[in-house]
Amino acid sequence: WFHAWLLSLLFLSAGYRLVLFLPEISASPFSLGWSEGSRLYLPALFNSQAIFGKPLPLPILHPTLHLLLYPPYAIGAPILLHRLWRVGLLLLLTTLTSHALLRRVGFITGGSKPLLLIWLTLTLLTLPVYLHLLVPVILLLWFVSTKQMGRTLVVLAVASVWAGLSRINWYPVPALLTIALLLLDRKDQPFRPKDLITYAALFLGGSGLAAFSMQTYIRLSGITQTGDFFTSLNSSLLWDRLLPSQTYSLGVLPGILLFAVPFIAALTAICLPKPNQPTPLPIHTNLLLATELTALFFGGLLVSTKIGGGSDIHNMDAFAILLLIISATLLLANRPPRLHWAHALAFVLVPAVFITISLPAFTSNTPLVWQSNLQSIQATVDANNAAGKPTLFISQRQLISLGLIRDVDLNPLYDREDLMEMAMSGNQPYLDTFAQNLTAQTYGAIIVDPLTFTYKGTADAMGAEHNAWTKSVIRPILCNYQLSQSFAEAKVAIYLPQQGQRNCPTLPQKGGN
């Protein structure tokens with residue numbers, strides 16, 4: 001009965017996780033969330049000449065993610081297929097990662113493999129891991145081998161280049177994963193001091209190549225302000241995000257501990273010395289793996305405290321992936337795996353707890369309303385074109401890249417995701433130029449989400465992010481532009497230049513929240 005109950009819980013959790021994807025697959029032309037419009041628009045920059053009629057700079061944030069999301073543009077796909085591609089690609093890459101891990105530890109056949117595949121995929125989705133970060137993990141799991149060091153070096157180089165183009169905190173991750181895989185492959189061999197030199201060379205070489213690849217991309221991107229790529233280094237730290245808050249009910253620290261405890265408990269039970277039995281790993285392997293896990297754990301916590309983070313445990317992804325690799329290697333060394341019932345319960349129950357925290361958020365679907373809203377936006381663009389004034393799309397740029405709004409001379413600056421990044425990091429030169437353009441009323445209209453000038457307390461959900469957006473974006477807009485039309489279902493508004501005496505929102509009193 002216990003096994004049957006566990007299987008039922010596993011299948012129900014997997015089914016519910018699939019249900020959570022359903023709201024993301026919509027035919028609505030408008031953005032379904034804060035970043036979704038940018039996720040749909042930015043991939044088009046890889047073929048901007050054909051799509052926008054002029055060359056535009058490449059994406060600043062997550063270039064590899066947007067490269068993976070480009071293929072629907074190659075076939076002129078509608079927005080529904082763009083969203084289906086993103087969800088399908090995430091499921092494909094998480095499943096391939098799970099398969100590569102099982103293949104590496106020897107689970108190629110057997111009735112338990114499909115169940116383990118479902119569980120591993122569900123665990124990766126629980127984190128969640130950004131889909132583009134799974135590419136180097138798959139390559140490393142598939143090709144790293146102590147018996148073929150030449151191939152290992154090649155795949156480490158490829159994975160490091162990809163990581164370098166993905167996220168700055170992932171620069172050293174491919175090298176660390178490679179070292180861990182080599183250590184696990186050599187777990188039955190004696191310690192050799194020269195191996196430390198090899199591992200140090202792999203770490204420095206992989207991390208250096210990742211940094212070099214990003215510098216090369218910056219030079220080719222067409223963006224002259226190179227500092228725009230590293231704004232996260234200057235952003236503030238919000239240490240309260242580590243604990244339960246309105247931003248994340250679990251809190252990053254309790255959340256990652258909840259995720260990791262089943263693995264750590266099972267590994268401790270396996271690795272503790274037993275009379276007349278050899279330990280699964282030699283002491284030097286234990287020390288090196290523990291060092292890697294510790295570094296990735298505290299590094300992930302630090303990144304999670306950055307403004308803009310801390311709403312889940314996705315910044316703990318590198319730590320969690322390494323923990324998963326080590327656990328799978330040791331727990332699945334025997335077939336069937338030797339697992340205490342309490343560990344088995346925790347492995348299935350924890351993902352279920354994470355998944356049930358989320359509720360599916362379906363949006364309104366009224367095609368007639370969509371069409372009316374698109375016509376109003378197009379009429380605004382046409383009127384501005386006739387007056388010789390550009391229209392600034394801060395949000396909803398996917399309407400242009402997908403051809404739903406025509407004849408827009410797109411300004412590559414001030415996309416909502418980029419603008420938010422600059423506001424959170426306090427990139428003053430960028431923000432000053434933005435404010436100067438608003439003061440000069442350079443734009444005939446601004447397309448953005450409906451703006452409300454309010455400041456939140458630091459305890460409110462995403463309060464620091466809201467306040468940065470309010471100060472650096474909302475206030476300059478409302479000082480120079482006024483609401484013309486607002487479309488509730490689409491969550492988009494049109495702002496036109498103020499005429500005559502301009503009215504500017506008043507800043508809160510000094511010392512307020």
# chains A, B, ... in the order shown; residues from 1 in each chain; ligands from 1
$ residues_around --residues "A:Gln371" --least-positions-apart "2" --cutoff "12 Å" --atoms "only C-alpha atoms" --output "list of chain:residue names"
A:Ser28, A:Pro29, A:Phe30, A:Asn365, A:Thr366, A:Pro367, A:Leu368, A:Val369, A:Asn373, A:Leu374, A:Gln375, A:Ser376, A:Ile377, A:Gln378, A:Leu399, A:Leu404, A:Ile405, A:Phe487, A:Glu489, A:Ala490
$ write_last_selection --atoms "N, CA and C atoms" --output "PDB file, in the first residue's frame"
ATOM      1  N   SER A  28      -3.685  34.751 -26.672  1.00  0.00           N
ATOM      2  CA  SER A  28      -3.763  36.190 -26.449  1.00  0.00           C
ATOM      3  C   SER A  28      -2.528  36.886 -27.015  1.00  0.00           C
ATOM      4  N   PRO A  29      -2.694  37.968 -27.768  1.00  0.00           N
ATOM      5  CA  PRO A  29      -1.517  38.670 -28.304  1.00  0.00           C
ATOM      6  C   PRO A  29      -0.772  39.474 -27.250  1.00  0.00           C
ATOM      7  N   PHE A  30      -1.377  39.649 -26.074  1.00  0.00           N
ATOM      8  CA  PHE A  30      -0.787  40.494 -25.043  1.00  0.00           C
ATOM      9  C   PHE A  30      -0.031  39.658 -24.020  1.00  0.00           C
ATOM     10  N   ASN A 365      -9.875  35.477 -22.007  1.00  0.00           N
ATOM     11  CA  ASN A 365      -9.651  35.182 -23.415  1.00  0.00           C
ATOM     12  C   ASN A 365     -10.852  35.680 -24.223  1.00  0.00           C
ATOM     13  N   THR A 366     -10.740  36.897 -24.719  1.00  0.00           N
ATOM     14  CA  THR A 366     -11.838  37.500 -25.478  1.00  0.00           C
ATOM     15  C   THR A 366     -11.281  38.054 -26.780  1.00  0.00           C
ATOM     16  N   PRO A 367     -11.275  37.253 -27.841  1.00  0.00           N
ATOM     17  CA  PRO A 367     -10.668  37.705 -29.105  1.00  0.00           C
ATOM     18  C   PRO A 367     -11.214  39.022 -29.622  1.00  0.00           C
ATOM     19  N   LEU A 368     -12.501  39.293 -29.445  1.00  0.00           N
ATOM     20  CA  LEU A 368     -13.057  40.554 -29.936  1.00  0.00           C
ATOM     21  C   LEU A 368     -12.444  41.744 -29.194  1.00  0.00           C
ATOM     22  N   VAL A 369     -12.205  41.558 -27.895  1.00  0.00           N
ATOM     23  CA  VAL A 369     -11.570  42.620 -27.110  1.00  0.00           C
ATOM     24  C   VAL A 369     -10.120  42.797 -27.551  1.00  0.00           C
ATOM     25  N   ASN A 373      -8.503  46.294 -28.948  1.00  0.00           N
ATOM     26  CA  ASN A 373      -7.332  46.908 -28.321  1.00  0.00           C
ATOM     27  C   ASN A 373      -6.203  47.101 -29.324  1.00  0.00           C
ATOM     28  N   LEU A 374      -5.979  46.102 -30.170  1.00  0.00           N
ATOM     29  CA  LEU A 374      -4.942  46.212 -31.195  1.00  0.00           C
ATOM     30  C   LEU A 374      -5.250  47.348 -32.161  1.00  0.00           C
ATOM     31  N   GLN A 375      -6.508  47.509 -32.527  1.00  0.00           N
ATOM     32  CA  GLN A 375      -6.887  48.590 -33.440  1.00  0.00           C
ATOM     33  C   GLN A 375      -6.623  49.958 -32.815  1.00  0.00           C
ATOM     34  N   SER A 376      -6.897  50.084 -31.508  1.00  0.00           N
ATOM     35  CA  SER A 376      -6.652  51.364 -30.826  1.00  0.00           C
ATOM     36  C   SER A 376      -5.161  51.682 -30.782  1.00  0.00           C
ATOM     37  N   ILE A 377      -4.335  50.677 -30.485  1.00  0.00           N
ATOM     38  CA  ILE A 377      -2.887  50.889 -30.447  1.00  0.00           C
ATOM     39  C   ILE A 377      -2.366  51.221 -31.840  1.00  0.00           C
ATOM     40  N   GLN A 378      -2.866  50.507 -32.873  1.00  0.00           N
ATOM     41  CA  GLN A 378      -2.427  50.779 -34.235  1.00  0.00           C
ATOM     42  C   GLN A 378      -2.824  52.189 -34.663  1.00  0.00           C
ATOM     43  N   LEU A 399       4.039  42.517 -29.898  1.00  0.00           N
ATOM     44  CA  LEU A 399       3.034  42.909 -30.895  1.00  0.00           C
ATOM     45  C   LEU A 399       3.721  43.376 -32.182  1.00  0.00           C
ATOM     46  N   LEU A 404       1.746  42.089 -35.364  1.00  0.00           N
ATOM     47  CA  LEU A 404       0.373  42.428 -34.988  1.00  0.00           C
ATOM     48  C   LEU A 404       0.160  43.941 -34.955  1.00  0.00           C
ATOM     49  N   ILE A 405       1.237  44.699 -34.737  1.00  0.00           N
ATOM     50  CA  ILE A 405       1.230  46.152 -34.864  1.00  0.00           C
ATOM     51  C   ILE A 405       2.286  46.507 -35.905  1.00  0.00           C
ATOM     52  N   PHE A 487      -6.556  49.511 -21.240  1.00  0.00           N
ATOM     53  CA  PHE A 487      -7.261  48.291 -21.635  1.00  0.00           C
ATOM     54  C   PHE A 487      -7.080  47.263 -20.521  1.00  0.00           C
ATOM     55  N   GLU A 489      -8.316  44.220 -19.770  1.00  0.00           N
ATOM     56  CA  GLU A 489      -8.061  42.806 -20.016  1.00  0.00           C
ATOM     57  C   GLU A 489      -6.641  42.578 -20.502  1.00  0.00           C
ATOM     58  N   ALA A 490      -6.140  43.470 -21.347  1.00  0.00           N
ATOM     59  CA  ALA A 490      -4.787  43.333 -21.883  1.00  0.00           C
ATOM     60  C   ALA A 490      -3.728  43.846 -20.910  1.00  0.00           C
TER      61      ALA A 490
END
$ residues_around --residues "A:Ala266" --least-positions-apart "2" --cutoff "10 Å" --atoms "only C-alpha atoms" --output "NGL selection string"
:A and (261-264 or 268-271 or 327 or 330-331 or 338-340 or 342-344 or 346-347)
$ write_last_selection --atoms "N, CA, C and O atoms" --output "PDB file, in the first residue's frame"
ATOM      1  N   VAL A 261      17.043  18.576   2.192  1.00  0.00           N
ATOM      2  CA  VAL A 261      17.110  17.671   3.347  1.00  0.00           C
ATOM      3  C   VAL A 261      16.946  16.198   2.972  1.00  0.00           C
ATOM      4  O   VAL A 261      17.701  15.343   3.475  1.00  0.00           O
ATOM      5  N   PRO A 262      15.989  15.814   2.107  1.00  0.00           N
ATOM      6  CA  PRO A 262      15.899  14.388   1.769  1.00  0.00           C
ATOM      7  C   PRO A 262      17.183  13.840   1.158  1.00  0.00           C
ATOM      8  O   PRO A 262      17.589  12.710   1.479  1.00  0.00           O
ATOM      9  N   PHE A 263      17.822  14.628   0.295  1.00  0.00           N
ATOM     10  CA  PHE A 263      19.069  14.175  -0.325  1.00  0.00           C
ATOM     11  C   PHE A 263      20.180  14.060   0.718  1.00  0.00           C
ATOM     12  O   PHE A 263      20.917  13.065   0.759  1.00  0.00           O
ATOM     13  N   ILE A 264      20.308  15.089   1.544  1.00  0.00           N
ATOM     14  CA  ILE A 264      21.380  15.095   2.539  1.00  0.00           C
ATOM     15  C   ILE A 264      21.190  13.953   3.534  1.00  0.00           C
ATOM     16  O   ILE A 264      22.157  13.274   3.924  1.00  0.00           O
ATOM     17  N   THR A 268      23.820  10.970   3.939  1.00  0.00           N
ATOM     18  CA  THR A 268      24.446  10.765   5.243  1.00  0.00           C
ATOM     19  C   THR A 268      24.310   9.303   5.671  1.00  0.00           C
ATOM     20  O   THR A 268      25.261   8.687   6.173  1.00  0.00           O
ATOM     21  N   ALA A 269      23.114   8.725   5.454  1.00  0.00           N
ATOM     22  CA  ALA A 269      22.901   7.330   5.823  1.00  0.00           C
ATOM     23  C   ALA A 269      23.801   6.392   5.034  1.00  0.00           C
ATOM     24  O   ALA A 269      24.282   5.378   5.547  1.00  0.00           O
ATOM     25  N   ILE A 270      24.077   6.749   3.774  1.00  0.00           N
ATOM     26  CA  ILE A 270      24.918   5.895   2.928  1.00  0.00           C
ATOM     27  C   ILE A 270      26.393   6.073   3.274  1.00  0.00           C
ATOM     28  O   ILE A 270      27.151   5.098   3.330  1.00  0.00           O
ATOM     29  N   CYS A 271      26.797   7.315   3.490  1.00  0.00           N
ATOM     30  CA  CYS A 271      28.228   7.617   3.615  1.00  0.00           C
ATOM     31  C   CYS A 271      28.782   7.444   5.019  1.00  0.00           C
ATOM     32  O   CYS A 271      30.000   7.456   5.202  1.00  0.00           O
ATOM     33  N   SER A 327      23.697  12.547  -5.442  1.00  0.00           N
ATOM     34  CA  SER A 327      22.728  11.642  -4.829  1.00  0.00           C
ATOM     35  C   SER A 327      22.361  10.502  -5.776  1.00  0.00           C
ATOM     36  O   SER A 327      22.313   9.338  -5.362  1.00  0.00           O
ATOM     37  N   LEU A 330      25.162   7.846  -6.047  1.00  0.00           N
ATOM     38  CA  LEU A 330      25.338   6.966  -4.897  1.00  0.00           C
ATOM     39  C   LEU A 330      24.088   6.155  -4.571  1.00  0.00           C
ATOM     40  O   LEU A 330      24.174   4.964  -4.254  1.00  0.00           O
ATOM     41  N   LEU A 331      22.924   6.776  -4.677  1.00  0.00           N
ATOM     42  CA  LEU A 331      21.689   6.071  -4.320  1.00  0.00           C
ATOM     43  C   LEU A 331      21.313   5.013  -5.337  1.00  0.00           C
ATOM     44  O   LEU A 331      20.678   4.002  -4.994  1.00  0.00           O
ATOM     45  N   ARG A 338      18.752   0.889  -2.676  1.00  0.00           N
ATOM     46  CA  ARG A 338      18.522   0.661  -1.253  1.00  0.00           C
ATOM     47  C   ARG A 338      18.126   1.994  -0.618  1.00  0.00           C
ATOM     48  O   ARG A 338      18.950   2.866  -0.418  1.00  0.00           O
ATOM     49  N   LEU A 339      16.861   2.115  -0.297  1.00  0.00           N
ATOM     50  CA  LEU A 339      16.342   3.392   0.181  1.00  0.00           C
ATOM     51  C   LEU A 339      15.405   3.143   1.349  1.00  0.00           C
ATOM     52  O   LEU A 339      14.486   2.325   1.273  1.00  0.00           O
ATOM     53  N   HIS A 340      15.663   3.843   2.440  1.00  0.00           N
ATOM     54  CA  HIS A 340      14.788   3.759   3.601  1.00  0.00           C
ATOM     55  C   HIS A 340      13.419   4.335   3.236  1.00  0.00           C
ATOM     56  O   HIS A 340      13.308   5.273   2.453  1.00  0.00           O
ATOM     57  N   ALA A 342      11.463   6.233   4.829  1.00  0.00           N
ATOM     58  CA  ALA A 342      11.306   7.657   5.156  1.00  0.00           C
ATOM     59  C   ALA A 342      11.948   8.536   4.091  1.00  0.00           C
ATOM     60  O   ALA A 342      11.419   9.611   3.750  1.00  0.00           O
ATOM     61  N   HIS A 343      13.088   8.101   3.562  1.00  0.00           N
ATOM     62  CA  HIS A 343      13.734   8.856   2.488  1.00  0.00           C
ATOM     63  C   HIS A 343      12.873   8.841   1.228  1.00  0.00           C
ATOM     64  O   HIS A 343      12.718   9.869   0.556  1.00  0.00           O
ATOM     65  N   ALA A 344      12.333   7.669   0.900  1.00  0.00           N
ATOM     66  CA  ALA A 344      11.471   7.561  -0.284  1.00  0.00           C
ATOM     67  C   ALA A 344      10.257   8.480  -0.141  1.00  0.00           C
ATOM     68  O   ALA A 344       9.854   9.161  -1.099  1.00  0.00           O
ATOM     69  N   ALA A 346      10.057  11.252   1.643  1.00  0.00           N
ATOM     70  CA  ALA A 346      10.476  12.648   1.533  1.00  0.00           C
ATOM     71  C   ALA A 346      10.768  13.024   0.087  1.00  0.00           C
ATOM     72  O   ALA A 346      10.428  14.134  -0.356  1.00  0.00           O
ATOM     73  N   PHE A 347      11.400  12.119  -0.673  1.00  0.00           N
ATOM     74  CA  PHE A 347      11.739  12.418  -2.072  1.00  0.00           C
ATOM     75  C   PHE A 347      10.490  12.706  -2.903  1.00  0.00           C
ATOM     76  O   PHE A 347      10.542  13.513  -3.833  1.00  0.00           O
TER      77      PHE A 347
END
$ select_by_dssp --residues "stretch 339-476 of chain A" --states "strand (DSSP E)" --output "PyMOL selection string"
chain A and resi 391-393+445-448
$ write_last_selection --atoms "N, CA, C and O atoms" --output "mmCIF file, in the first residue's frame"
data_model
loop_
_atom_site.group_PDB
_atom_site.id
_atom_site.type_symbol
_atom_site.label_atom_id
_atom_site.label_comp_id
_atom_site.auth_asym_id
_atom_site.auth_seq_id
_atom_site.Cartn_x
_atom_site.Cartn_y
_atom_site.Cartn_z
ATOM 1 N N THR A 391 6.634 56.198 -31.506
ATOM 2 C CA THR A 391 5.865 55.608 -30.412
ATOM 3 C C THR A 391 6.791 54.688 -29.628
ATOM 4 O O THR A 391 7.411 53.793 -30.214
ATOM 5 N N LEU A 392 6.897 54.919 -28.333
ATOM 6 C CA LEU A 392 7.773 54.095 -27.498
ATOM 7 C C LEU A 392 6.970 52.957 -26.875
ATOM 8 O O LEU A 392 6.034 53.183 -26.104
ATOM 9 N N PHE A 393 7.341 51.726 -27.215
ATOM 10 C CA PHE A 393 6.758 50.542 -26.591
ATOM 11 C C PHE A 393 7.692 50.108 -25.462
ATOM 12 O O PHE A 393 8.746 49.522 -25.710
ATOM 13 N N ALA A 445 3.710 58.904 -28.113
ATOM 14 C CA ALA A 445 2.905 58.098 -27.195
ATOM 15 C C ALA A 445 3.805 57.045 -26.572
ATOM 16 O O ALA A 445 4.835 56.664 -27.139
ATOM 17 N N ILE A 446 3.410 56.581 -25.393
ATOM 18 C CA ILE A 446 4.127 55.517 -24.705
ATOM 19 C C ILE A 446 3.148 54.382 -24.441
ATOM 20 O O ILE A 446 2.056 54.608 -23.891
ATOM 21 N N ILE A 447 3.528 53.181 -24.850
ATOM 22 C CA ILE A 447 2.719 51.987 -24.608
ATOM 23 C C ILE A 447 3.357 51.237 -23.442
ATOM 24 O O ILE A 447 4.508 50.801 -23.514
ATOM 25 N N VAL A 448 2.620 51.096 -22.354
ATOM 26 C CA VAL A 448 3.166 50.483 -21.151
ATOM 27 C C VAL A 448 1.986 49.953 -20.336
ATOM 28 O O VAL A 448 0.824 50.218 -20.665
#
$ residues_around --residues "A:Leu69" --least-positions-apart "2" --cutoff "7 Å" --atoms "only C-alpha atoms" --output "compact mmCIF listing (two decimals) with N, CA and C atoms, in the first residue's frame"
# COMPACT_ATOMS: atom_id res chain seq x y z
N PRO A 43 13.94 37.30 -28.60
CA PRO A 43 14.50 36.37 -29.58
C PRO A 43 14.53 36.92 -31.01
N LEU A 65 19.11 31.99 -23.70
CA LEU A 65 17.68 31.71 -23.56
C LEU A 65 16.92 32.20 -24.78
N HIS A 66 17.19 33.43 -25.18
CA HIS A 66 16.45 34.00 -26.30
C HIS A 66 16.87 33.36 -27.63
N LEU A 67 18.10 32.88 -27.70
CA LEU A 67 18.51 32.14 -28.89
C LEU A 67 17.71 30.85 -29.01
N PRO A 71 13.55 29.85 -32.79
CA PRO A 71 13.04 29.05 -33.92
C PRO A 71 11.63 29.35 -34.40
N ARG A 86 7.99 27.27 -26.03
CA ARG A 86 8.71 27.52 -24.78
C ARG A 86 8.40 26.44 -23.74
$ atom_distance --atom1 "atom CA of A:Leu253" --atom2 "atom CA of A:Asp240"
10.1 Å
$ closest_residue --among "A:Gly300, A:Gly150, A:Pro390, A:Pro412" --to "A:Phe52" --atoms "only C-alpha atoms"
A:Pro412
$ closest_atom_pairs --of "stretch 358-422 of chain A" --to "stretch 223-236 of chain A" --cutoff "9 Å" --atoms "only C-alpha atoms" --output "CSV"
residue,atom,partner,partner_atom,distance
A:Asp418,CA,A:Asp228,CA,8.9
A:Glu421,CA,A:Thr231,CA,7.2
A:Met422,CA,A:Thr231,CA,6.9
$ write_last_selection --atoms "N, CA and C atoms" --output "compact mmCIF listing (two decimals), in the first residue's frame"
# COMPACT_ATOMS: atom_id res chain seq x y z
N ASP A 418 14.66 45.24 -19.62
CA ASP A 418 15.93 45.97 -19.52
C ASP A 418 15.79 47.19 -18.62
N GLU A 421 15.77 46.25 -15.03
CA GLU A 421 17.10 45.87 -14.59
C GLU A 421 17.92 47.13 -14.27
N MET A 422 17.82 48.14 -15.12
CA MET A 422 18.57 49.37 -14.90
C MET A 422 18.03 50.14 -13.70
$ atom_distance --atom1 "atom CA of A:Gly310" --atom2 "atom CA of A:Gln246"
10.6 Å
$ closest_residue --among "A:Ser484, A:Thr452, A:Thr94, A:Ser166" --to "A:His62" --atoms "only C-alpha atoms"
A:Ser166
$ residues_around --residues "stretch 194-204 of chain A" --least-positions-apart "3" --cutoff "10 Å" --atoms "only C-alpha atoms" --output "ChimeraX atom specification"
/A:153,156-157,171-180,182-183,191,207-210,288
$ select_by_dssp --residues "stretch 95-151 of chain A" --states "alpha helix (DSSP H)" --output "count of residues only"
39
$ atom_distance --atom1 "atom CA of A:Asn286" --atom2 "atom CA of A:Ile325"
13.9 Å
$ residues_around --residues "stretch 33-40 of chain A" --least-positions-apart "5" --cutoff "7 Å" --atoms "only C-alpha atoms" --output "MDAnalysis selection string"
chainID A and resid 66 395:398 417
$ residues_around --residues "A:Ala459" --least-positions-apart "3" --cutoff "10 Å" --atoms "only C-alpha atoms" --output "list in words"
Asp240, Arg241, Ser245, Gln246, Thr247, Lys456, Met462, Gly463, Ala464 and Asn513 of chain A
$ residues_around --residues "A:Gln485" --least-positions-apart "2" --cutoff "8 Å" --atoms "only C-alpha atoms" --output "number ranges by chain"
A: 483, 487, 493-495
$ closest_residue --among "A:Leu131, A:Leu141, A:Ile60, A:Leu91" --to "A:Gln215" --atoms "only C-alpha atoms"
A:Ile60
